[in-house]
file entry37.txt (compact mmCIF, C-alpha atoms)
# COMPACT_ATOMS: atom_id res chain seq x y z
CA ARG U 27 0.00 0.00 0.00
CA ARG U 28 1.34 3.43 -0.88
CA ASP U 29 1.64 6.29 1.55
CA VAL U 30 -0.92 8.97 2.38
CA PRO U 31 -1.85 11.39 0.93
CA PHE U 32 -3.41 9.67 -2.04
CA LEU U 33 -1.29 10.98 -4.93
CA PHE U 34 -2.43 11.55 -8.47
CA TYR U 35 0.31 12.37 -10.97
CA ASP U 36 0.81 13.82 -14.40
CA THR U 37 3.84 15.05 -16.30
CA PHE U 38 4.22 16.79 -19.62
CA ASN U 39 6.30 19.42 -21.31
CA ALA U 40 4.56 22.59 -20.13
CA ASP U 41 6.30 24.58 -22.84
CA SER U 42 4.45 22.60 -25.50
CA PHE U 43 0.79 23.40 -25.30
CA PRO U 44 -0.65 22.79 -21.80
CA ASP U 45 -4.09 23.10 -23.41
CA ARG U 46 -3.44 20.02 -25.57
CA LYS U 47 -2.49 18.10 -22.43
CA GLY U 48 -5.82 18.95 -20.77
CA CYS U 49 -4.05 20.90 -18.02
CA GLU U 50 -6.84 23.39 -17.31
CA GLU U 51 -9.50 20.66 -17.33
CA LEU U 52 -7.39 18.53 -14.98
CA ILE U 53 -6.92 21.37 -12.49
CA ARG U 54 -10.59 22.35 -12.64
CA CYS U 55 -11.82 18.75 -12.30
CA PHE U 56 -9.37 17.88 -9.55
CA LYS U 57 -10.63 20.80 -7.51
CA ARG U 58 -14.25 19.75 -8.11
CA ALA U 59 -13.48 16.18 -7.07
CA PHE U 60 -11.42 16.85 -3.95
CA GLU U 61 -11.96 20.41 -2.75
CA ARG U 62 -11.46 20.75 1.01
CA ARG U 63 -9.63 17.41 1.22
CA SER U 64 -6.11 17.30 2.59
CA ASP U 65 -5.64 13.57 2.09
CA VAL U 66 -5.63 13.73 -1.73
CA GLN U 67 -3.16 15.64 -3.90
CA LEU U 68 -2.26 16.09 -7.55
CA ARG U 69 1.44 16.23 -8.36
CA LEU U 70 2.30 17.89 -11.68
CA ARG U 71 5.87 17.38 -12.87
CA ILE U 72 6.28 20.20 -15.38
CA GLN U 73 8.47 23.16 -16.28
CA GLN U 74 7.60 26.48 -14.68
CA ASN U 75 4.89 27.88 -16.94
CA SER U 76 2.88 31.07 -16.50
CA LYS U 77 -0.23 29.54 -18.10
CA VAL U 78 -0.25 26.66 -15.59
CA LEU U 79 0.30 29.09 -12.70
CA ASP U 80 -2.59 31.20 -14.01
CA TYR U 81 -4.85 28.12 -13.98
CA LEU U 82 -3.85 27.30 -10.40
CA ALA U 83 -4.60 30.87 -9.36
CA GLU U 84 -7.89 31.05 -11.30
CA TYR U 85 -9.20 27.88 -9.67
CA ASP U 86 -7.55 28.57 -6.28
CA ALA U 87 -5.96 25.13 -6.42
CA PHE U 88 -2.51 25.71 -4.92
CA SER U 89 -3.37 23.73 -1.76
CA LEU U 90 -4.45 20.65 -3.75
CA ILE U 91 -1.82 20.63 -6.48
CA SER U 92 1.96 20.58 -6.14
CA LEU U 93 4.39 21.40 -8.93
CA ASP U 94 7.65 19.48 -9.35
CA ARG U 95 10.28 20.71 -11.74
CA PRO U 96 11.52 17.97 -14.04
CA ASP U 97 15.14 17.01 -13.90
CA ARG U 98 17.24 14.67 -15.97
CA SER U 99 16.51 11.63 -13.86
CA ALA U 100 17.82 8.24 -14.80
CA THR U 101 15.20 5.80 -16.04
CA GLY U 102 15.10 3.98 -12.72
CA ASP U 103 14.63 7.22 -10.79
CA PHE U 104 11.82 8.30 -13.08
CA ALA U 105 10.19 4.87 -12.72
CA ALA U 106 10.40 5.28 -8.94
CA ILE U 107 8.17 8.37 -9.24
CA TYR U 108 5.47 6.30 -10.96
CA SER U 109 5.84 3.58 -8.36
CA ALA U 110 5.42 6.05 -5.49
CA VAL U 111 2.15 7.63 -6.65
CA HIS U 112 -1.26 6.00 -6.62
CA CYS U 113 -2.60 6.96 -10.04
CA THR U 114 -1.45 8.73 -13.19
CA VAL U 115 -4.11 10.96 -14.70
CA HIS U 116 -3.28 12.13 -18.22
CA PRO U 117 -6.28 13.85 -19.84
CA ALA U 118 -4.44 14.76 -23.04
CA LYS U 119 -6.73 15.75 -25.89
CA GLY U 120 -4.39 14.17 -28.43
CA GLU U 121 -1.02 12.44 -28.44
CA GLY U 122 1.31 11.13 -31.10
CA PHE U 123 1.92 8.08 -28.91
CA GLY U 124 1.30 9.06 -25.30
CA LEU U 125 4.33 7.80 -23.42
CA ILE U 126 3.15 8.88 -19.95
CA PRO U 127 0.26 6.38 -19.62
CA PHE U 128 2.43 3.66 -21.19
CA GLN U 129 5.23 4.23 -18.67
CA SER U 130 2.76 4.32 -15.80
CA ILE U 131 1.26 0.96 -16.76
CA ALA U 132 4.76 -0.52 -17.12
CA CYS U 133 5.39 0.55 -13.51
CA ALA U 134 2.08 -1.00 -12.36
CA THR U 135 0.52 2.36 -11.52
CA PRO U 136 -3.16 2.80 -12.42
CA VAL U 137 -3.96 5.22 -15.24
CA ILE U 138 -6.81 7.53 -16.15
CA ALA U 139 -6.58 8.52 -19.83
CA ALA U 140 -8.68 8.55 -22.99
CA ASN U 141 -7.99 5.84 -25.56
CA ILE U 142 -7.68 8.36 -28.39
CA SER U 143 -5.05 9.17 -31.01
CA GLY U 144 -1.78 7.35 -30.31
CA MET U 145 -2.96 6.07 -26.94
CA ALA U 146 -5.67 4.02 -28.67
CA GLU U 147 -2.88 1.68 -29.73
CA TYR U 148 -2.43 0.33 -26.23
CA LEU U 149 -5.03 1.62 -23.74
CA SER U 150 -8.01 -0.60 -22.98
CA GLU U 151 -10.44 -1.32 -20.17
CA HIS U 152 -8.05 -4.16 -19.17
CA ASN U 153 -5.19 -1.82 -18.29
CA ALA U 154 -6.65 1.64 -17.60
CA MET U 155 -9.62 3.69 -16.50
CA LEU U 156 -10.79 5.04 -19.85
CA LEU U 157 -11.77 8.69 -19.90
CA LYS U 158 -14.70 9.61 -22.12
CA THR U 159 -14.47 12.41 -24.64
CA ARG U 160 -17.22 14.61 -26.06
CA GLY U 161 -16.23 14.56 -29.72
CA GLU U 162 -13.69 16.51 -31.68
CA ILE U 163 -12.85 20.18 -31.32
CA GLU U 164 -10.56 22.49 -33.26
CA GLY U 165 -6.94 22.22 -32.15
CA GLU U 166 -5.34 25.37 -30.75
CA ASP U 167 -1.63 26.14 -30.81
CA VAL U 168 -0.81 22.86 -32.45
CA TYR U 169 0.56 22.34 -35.92
CA TYR U 170 0.05 25.97 -36.80
CA LYS U 171 -3.49 26.04 -35.39
CA SER U 172 -4.79 23.25 -37.55
CA GLY U 173 -5.93 19.79 -36.65
CA GLN U 174 -8.38 18.32 -34.19
CA TYR U 175 -8.36 17.55 -30.46
CA TYR U 176 -10.78 15.42 -28.51
CA ASP U 177 -12.83 17.37 -25.97
CA ILE U 178 -12.54 15.91 -22.47
CA ASP U 179 -15.75 14.91 -20.68
CA GLU U 180 -15.11 16.79 -17.44
CA ASP U 181 -17.97 15.19 -15.50
CA HIS U 182 -16.53 11.79 -16.34
CA LEU U 183 -13.05 12.90 -15.31
CA VAL U 184 -14.37 13.97 -11.89
CA GLU U 185 -16.12 10.59 -11.61
CA LEU U 186 -12.95 8.68 -12.51
CA LEU U 187 -10.79 10.67 -10.08
CA ARG U 188 -13.16 9.81 -7.22
CA TYR U 189 -13.48 6.21 -8.42
CA ALA U 190 -9.69 5.76 -8.56
CA GLU U 191 -9.28 6.95 -4.99
CA LYS U 192 -12.08 4.73 -3.65
CA ASN U 193 -11.17 1.63 -5.71
CA TRP U 194 -7.40 1.83 -5.80
CA GLU U 195 -6.75 -1.78 -4.81
CA ALA U 196 -8.86 -3.19 -7.65
CA GLU U 197 -7.30 -0.84 -10.21
CA TYR U 198 -3.82 -1.65 -8.90
CA ASP U 199 -4.50 -5.39 -9.30
CA LYS U 200 -5.74 -4.79 -12.86
CA VAL U 201 -2.73 -2.75 -13.94
CA ARG U 202 -0.29 -5.05 -12.16
CA ARG U 203 -1.54 -7.95 -14.31
CA ALA U 204 -1.18 -5.84 -17.48
CA SER U 205 2.18 -4.29 -16.62
CA THR U 206 4.36 -7.22 -17.66
CA GLU U 207 3.23 -6.82 -21.29
CA PHE U 208 4.38 -3.20 -21.21
call {"tool": "encode", "arguments": {"input": "entry37.txt", "output": "structure tokens"}}
result
Amino acid sequence: RRDVPFLFYDTFNADSFPDRKGCEELIRCFKRAFERRSDVQLRLRIQQNSKVLDYLAEYDAFSLISLDRPDRSATGDFAAIYSAVHCTVHPAKGEGFGLIPFQSIACATPVIAANISGMAEYLSEHNAMLLKTRGEIEGEDVYYKSGQYYDIDEDHLVELLRYAEKNWEAEYDKVRRASTEF
């Protein structure tokens, strides 16, 4: 069993389109799911980014969400981060491949993510908690403002965050069985 508080985790390059990574939706939904709780926290491992700080201020989420600056950790050290948290939540609206959920599953850490774009190649109900989307939307700040994202179903994200915390043991058993394939 992992330590308290219950830790959710996400990491991405904050200099490359936090909106594509679902950063604002994640902050907003995390606050909705766990406001006034001190036993649950979201850990974002990202570069210092004014847009992300603006989201934290707008949603008054500094007490629920901690920011870690990425370093050049060895693979084993980075894997230890996944192994120390309870659940990776990666509500990206589109990914070329989506390495973060893949790495999390390989480390036997439950994942919340949508099986869209590149992540559809490996995410399934057998290895992750699948986040619903609400159809396609126009991509912003990506590929010269062309292309499509998938809109995140925020109500479903709140549901999955709460579900993951309440049903961690079952989700851990599920991902542990799937992790050897990854």
call {"tool": "atom_distance", "arguments": {"input": "entry37.txt", "atom1": "atom CA of Met155 of chain U", "atom2": "atom CA of His116 of chain U"}}
result
10.7 Å
call {"tool": "closest_atom_pairs", "arguments": {"input": "entry37.txt", "of": "segment 98-203 of chain U", "to": "segment 55-61 of chain U", "cutoff": "8 Å", "atoms": "all atoms listed in the file", "output": "CSV"}}
result
residue,atom,partner,partner_atom,distance
U:Glu180,CA,U:Cys55,CA,6.4
U:Asp181,CA,U:Cys55,CA,7.8
U:Leu183,CA,U:Cys55,CA,6.7
U:Val184,CA,U:Ala59,CA,5.4
U:Glu185,CA,U:Ala59,CA,7.7
U:Leu187,CA,U:Ala59,CA,6.8
U:Arg188,CA,U:Ala59,CA,6.4
call {"tool": "write_last_selection", "arguments": {"input": "entry37.txt", "atoms": "C-alpha atoms", "output": "short mmCIF file (atom, residue, chain, number, x, y, z; two decimals), in the coordinates of the input"}}
result
data_model
loop_
_atom_site.label_atom_id
_atom_site.label_comp_id
_atom_site.auth_asym_id
_atom_site.auth_seq_id
_atom_site.Cartn_x
_atom_site.Cartn_y
_atom_site.Cartn_z
CA GLU U 180 -15.11 16.79 -17.44
CA ASP U 181 -17.97 15.19 -15.50
CA LEU U 183 -13.05 12.90 -15.31
CA VAL U 184 -14.37 13.97 -11.89
CA GLU U 185 -16.12 10.59 -11.61
CA LEU U 187 -10.79 10.67 -10.08
CA ARG U 188 -13.16 9.81 -7.22
#
call {"tool": "axis_aligned_box", "arguments": {"input": "entry37.txt", "around": "segment 40-57 of chain U", "padding_each_side": "3 Å", "output": "JSON"}}
result
{"center_x": -2.8, "center_y": 21.2, "center_z": -16.5, "size_x": 24.1, "size_y": 12.7, "size_z": 24.1}
call {"tool": "closest_residue", "arguments": {"input": "entry37.txt", "among": "U:Arg46, U:Thr37, U:Val66, U:Asp199", "to": "Tyr175 of chain U", "atoms": "all atoms listed in the file"}}
result
U:Arg46
call {"tool": "closest_residue", "arguments": {"input": "entry37.txt", "among": "U:Leu156, U:Leu68, U:Val137, U:Met145", "to": "Ala204 of chain U", "atoms": "all atoms listed in the file"}}
result
U:Val137
call {"tool": "atom_distance", "arguments": {"input": "entry37.txt", "atom1": "atom CA of Val201 of chain U", "atom2": "atom CA of Asn153 of chain U"}}
result
5.1 Å
call {"tool": "closest_residue", "arguments": {"input": "entry37.txt", "among": "U:Asp97, U:Glu207, U:Glu195, U:Asp36", "to": "Tyr148 of chain U", "atoms": "only C-alpha atoms"}}
result
U:Glu207
call {"tool": "atom_distance", "arguments": {"input": "entry37.txt", "atom1": "atom CA of Asp177 of chain U", "atom2": "atom CA of Phe38 of chain U"}}
result
18.2 Å
call {"tool": "closest_residue", "arguments": {"input": "entry37.txt", "among": "U:Val111, U:Ala105, U:Leu157, U:Ile178", "to": "Glu51 of chain U", "atoms": "only C-alpha atoms"}}
result
U:Ile178
call {"tool": "closest_residue", "arguments": {"input": "entry37.txt", "among": "U:Ile72, U:Ile131, U:Ile53, U:Leu149", "to": "Ala87 of chain U", "atoms": "all atoms listed in the file"}}
result
U:Ile53
